[in-house]
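Visitor: Contents of upload32.tsv (TSV, C-alpha atoms):
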```tsv
chain	number	residue	atom	x	y	z
W	527	MET	CA	-20.15	37.87	4.72
W	528	TYR	CA	-22.43	35.61	2.66
W	529	ILE	CA	-22.83	33.22	5.58
W	530	GLN	CA	-23.71	36.07	7.95
W	531	ARG	CA	-26.45	37.23	5.60
W	532	TYR	CA	-27.93	33.73	5.34
W	533	PRO	CA	-27.37	31.96	8.68
W	534	TYR	CA	-29.12	28.79	7.60
W	535	TYR	CA	-26.88	28.42	4.54
W	536	THR	CA	-24.27	26.28	6.34
W	537	LEU	CA	-26.98	24.20	7.96
W	538	VAL	CA	-28.61	23.49	4.58
W	539	VAL	CA	-25.27	22.71	2.91
W	540	SER	CA	-24.33	20.39	5.77
W	541	ALA	CA	-27.66	18.62	5.60
W	542	VAL	CA	-27.40	18.15	1.82
W	543	PHE	CA	-23.85	16.87	2.16
W	544	PHE	CA	-24.83	14.45	4.92
W	545	MET	CA	-27.82	13.16	2.93
W	546	SER	CA	-25.68	12.58	-0.17
W	547	ILE	CA	-23.11	10.64	1.88
W	548	LEU	CA	-25.92	8.59	3.42
W	549	LEU	CA	-27.39	7.86	-0.01
W	550	VAL	CA	-24.05	6.77	-1.47
W	551	THR	CA	-23.33	4.57	1.53
W	552	SER	CA	-26.77	3.00	1.30
W	553	CYS	CA	-26.32	2.24	-2.41
W	554	LYS	CA	-22.90	0.69	-1.81
W	555	GLN	CA	-24.27	-1.43	1.04
W	556	LYS	CA	-27.16	-2.65	-1.12
W	557	ALA	CA	-24.76	-3.61	-3.94
W	558	THR	CA	-22.47	-5.38	-1.46
W	559	ASP	CA	-25.40	-7.29	0.04
W	560	GLN	CA	-26.56	-8.47	-3.39
W	561	THR	CA	-23.06	-9.54	-4.41
W	562	SER	CA	-22.42	-11.40	-1.18
W	563	ILE	CA	-25.53	-13.52	-1.64
W	564	GLY	CA	-24.73	-14.21	-5.27
W	565	MET	CA	-27.18	-11.85	-6.91
W	566	THR	CA	-25.05	-10.59	-9.79
W	567	GLY	CA	-27.93	-10.31	-12.21
W	568	ASP	CA	-26.34	-12.89	-14.47
W	569	PRO	CA	-28.20	-16.19	-14.25
W	570	ALA	CA	-25.19	-18.25	-15.38
W	571	ILE	CA	-22.89	-16.78	-12.74
W	572	ASP	CA	-25.56	-17.00	-10.05
W	573	GLN	CA	-26.22	-20.65	-10.87
W	574	ILE	CA	-22.52	-21.54	-10.65
W	575	THR	CA	-22.20	-19.54	-7.42
W	576	GLU	CA	-25.04	-21.57	-5.90
W	577	ALA	CA	-23.28	-24.77	-6.93
W	578	ILE	CA	-20.05	-23.49	-5.34
W	579	ASP	CA	-21.91	-22.74	-2.13
W	580	LYS	CA	-23.03	-26.38	-2.04
W	581	ASP	CA	-19.60	-27.81	-2.98
W	582	PRO	CA	-16.88	-25.25	-2.16
W	583	GLU	CA	-14.03	-27.73	-2.63
W	584	ASN	CA	-14.79	-28.44	-6.30
W	585	PRO	CA	-12.18	-26.70	-8.48
W	586	SER	CA	-14.11	-27.30	-11.70
W	587	LEU	CA	-16.94	-25.06	-10.47
W	588	TYR	CA	-14.53	-22.21	-9.79
W	589	TYR	CA	-12.96	-22.77	-13.20
W	590	GLN	CA	-16.35	-22.70	-14.89
W	591	ARG	CA	-17.25	-19.44	-13.16
W	592	ALA	CA	-13.83	-17.97	-14.01
W	593	GLU	CA	-14.44	-18.74	-17.68
W	594	THR	CA	-17.78	-16.95	-17.49
W	595	PHE	CA	-16.21	-13.94	-15.77
W	596	TYR	CA	-13.44	-13.91	-18.38
W	597	GLN	CA	-15.97	-13.91	-21.23
W	598	LYS	CA	-17.67	-10.94	-19.59
W	599	GLN	CA	-14.30	-9.19	-19.14
W	600	ALA	CA	-14.63	-9.27	-15.35
W	601	TYR	CA	-10.92	-9.97	-15.00
W	602	ASP	CA	-10.53	-9.41	-11.26
W	603	GLN	CA	-13.25	-11.94	-10.46
W	604	ALA	CA	-11.81	-14.40	-12.98
W	605	ILE	CA	-8.37	-14.07	-11.38
W	606	GLU	CA	-9.85	-14.68	-7.91
W	607	ASP	CA	-11.62	-17.83	-9.06
W	608	LEU	CA	-8.59	-19.13	-10.92
W	609	ALA	CA	-6.44	-18.53	-7.86
W	610	ARG	CA	-8.92	-20.63	-5.90
W	611	VAL	CA	-8.74	-23.36	-8.57
W	612	LEU	CA	-4.96	-23.44	-8.25
W	613	ILE	CA	-5.17	-23.60	-4.46
W	614	LEU	CA	-7.47	-26.61	-4.72
W	615	ASP	CA	-5.63	-28.20	-7.66
W	616	SER	CA	-2.16	-26.73	-8.16
W	617	MET	CA	-1.43	-29.02	-11.11
W	618	ASN	CA	-4.40	-27.85	-13.19
W	619	LEU	CA	-2.77	-26.97	-16.51
W	620	VAL	CA	-5.92	-25.61	-18.12
W	621	ALA	CA	-6.37	-23.18	-15.21
W	622	HIS	CA	-2.79	-21.97	-15.66
W	623	HIS	CA	-3.46	-21.32	-19.36
W	624	LEU	CA	-6.68	-19.42	-18.68
W	625	LEU	CA	-5.03	-17.42	-15.90
W	626	ALA	CA	-2.27	-16.39	-18.30
W	627	ASP	CA	-4.88	-15.30	-20.85
W	628	VAL	CA	-6.76	-13.30	-18.21
W	629	TYR	CA	-3.57	-11.60	-17.07
W	630	LEU	CA	-2.66	-10.76	-20.65
W	631	ASP	CA	-6.07	-9.27	-21.40
W	632	ASP	CA	-5.92	-7.35	-18.12
W	633	PHE	CA	-2.58	-5.79	-19.20
W	634	GLN	CA	-0.58	-7.71	-16.61
W	635	SER	CA	1.93	-9.15	-19.06
W	636	ALA	CA	4.63	-9.97	-16.50
W	637	ARG	CA	2.18	-12.08	-14.50
W	638	ALA	CA	0.92	-13.76	-17.67
W	639	LEU	CA	4.45	-14.72	-18.61
W	640	SER	CA	5.34	-15.99	-15.12
W	641	THR	CA	2.13	-18.03	-14.99
W	642	LEU	CA	3.04	-19.79	-18.22
W	643	GLN	CA	6.61	-20.31	-17.06
W	644	ARG	CA	5.27	-21.95	-13.90
W	645	ALA	CA	2.97	-24.15	-16.01
W	646	SER	CA	5.91	-25.07	-18.25
W	647	GLY	CA	7.87	-26.10	-15.17
W	648	LEU	CA	5.01	-28.27	-13.95
W	649	TYR	CA	4.48	-29.87	-17.35
W	650	PRO	CA	7.78	-29.75	-19.27
W	651	ASP	CA	6.44	-32.16	-21.92
W	652	SER	CA	3.30	-30.14	-22.70
W	653	ILE	CA	3.58	-28.93	-26.28
W	654	ASN	CA	0.58	-26.61	-25.91
W	655	THR	CA	2.20	-24.90	-22.94
W	656	LYS	CA	5.51	-24.49	-24.78
W	657	LEU	CA	3.72	-23.05	-27.81
W	658	LYS	CA	1.68	-20.64	-25.70
W	659	LEU	CA	4.79	-19.60	-23.76
W	660	SER	CA	6.67	-18.98	-27.02
W	661	GLU	CA	3.75	-16.95	-28.36
W	662	PHE	CA	3.65	-14.82	-25.20
W	663	GLN	CA	7.41	-14.28	-25.32
W	664	LEU	CA	7.14	-13.09	-28.93
W	665	ILE	CA	4.34	-10.63	-28.32
W	666	LEU	CA	5.62	-9.30	-25.00
```
Take the structure from the file and write it as structure tokens.

Guide:
Amino acid sequence: MYIQRYPYYTLVVSAVFFMSILLVTSCKQKATDQTSIGMTGDPAIDQITEAIDKDPENPSLYYQRAETFYQKQAYDQAIEDLARVLILDSMNLVAHHLLADVYLDDFQSARALSTLQRASGLYPDSINTKLKLSEFQLIL
């Protein structure tokens, strides 16, 4: 009944809906474009990202950026970078420790514990790893 009285109502609603979808898509695309070229708005992260682009096989650069992400509570990005560190250098004990901390702060306690157990297996004589593993086992 309402639509029959105002025939252009559905046309206007459709146009408004389409424009809002277009606007949202455009904003998402712009954000994706900026992220893909390293424009996070954080000079420290952008600088490390540029260094990674020049030397993508350097695990210390990924670790450095992961630390920065972790400090900013960007846990997903920190996990991605730490995973890359461990692909490039699977024996990196410091990366295992930071990854466990990130998982713990991101409420992924099972992954935090398994990460430290893996590190303990790689370095059975590491006192720091044993202490950290014991601490995690007590609090979890």

Visitor: Measuring between all atoms listed in the file, which one of W:Leu666, W:Tyr588, W:Asp627, W:Leu619 shows the shortest distance to W:Ser646?

Guide: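 Residue with the minimum atom-to-atom distance to W:Ser646: W:Leu619.
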
Visitor: Given the choices W:Gln597, W:Leu614, W:His622, W:Leu608, which gets closest to W:Asn584 if the distance is worked out from all atoms listed in the file?

Guide: W:Leu614

Visitor: For a quick check of understanding, using only C-alpha atoms, which of W:Asp651, W:Asp602, W:Asp607, W:Glu661 has the smallest distance to W:Asp632?

Guide: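 Going through W:Asp651, W:Asp602, W:Asp607, W:Glu661 one by one, the smallest distance to W:Asp632 is for W:Asp602.
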
Visitor: Distance atom CA of W:Tyr596-atom CA of W:Leu625, one decimal place?

Guide: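 Pair atom CA of W:Tyr596 / atom CA of W:Leu625 returns 9.4 Å.
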
Visitor: Which residues are close to W:Ala592, i.e. within 10 Å by only C-alpha atoms, leaving aside same-chain residues fewer than 2 positions away? Reply as an MDAnalysis selection string.

Guide: chainID W and resid 571 574 586:590 594:598 600:611 621 624:625 628

Visitor: Just to confirm, what's the straight-line distance from atom CA of W:Val620 to atom CA of W:Ile665 in Å (one decimal)?

Guide: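 So the two atoms, atom CA of W:Val620 and atom CA of W:Ile665, lie 20.8 Å apart.
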
Visitor: So how many Å separate atom CA of W:Gln573 and atom CA of W:Leu630, to one decimal?

Guide: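 These two atoms are separated by 27.4 Å.
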
Visitor: Closest to W:Lys658 among W:Leu642, W:Arg591, W:Gln634, W:Thr566, using all atoms listed in the file?

Guide: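 Among the listed residues, W:Leu642 lies closest to W:Lys658.
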
Visitor: Taking into account all atoms listed in the file, which residue in the set W:Ala638, W:His623, W:Ser616, W:Pro582 is nearest to W:Thr655?

Guide: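 Looking only at the distances to W:Thr655, the closest residue turns out to be W:His623.
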
Visitor: Check the smallest atom-to-atom distance from each of W:Pro569, W:Leu664, W:Leu648, W:Lys656 to W:Asn618 using only C-alpha atoms, then report the winner.

Guide: W:Leu648
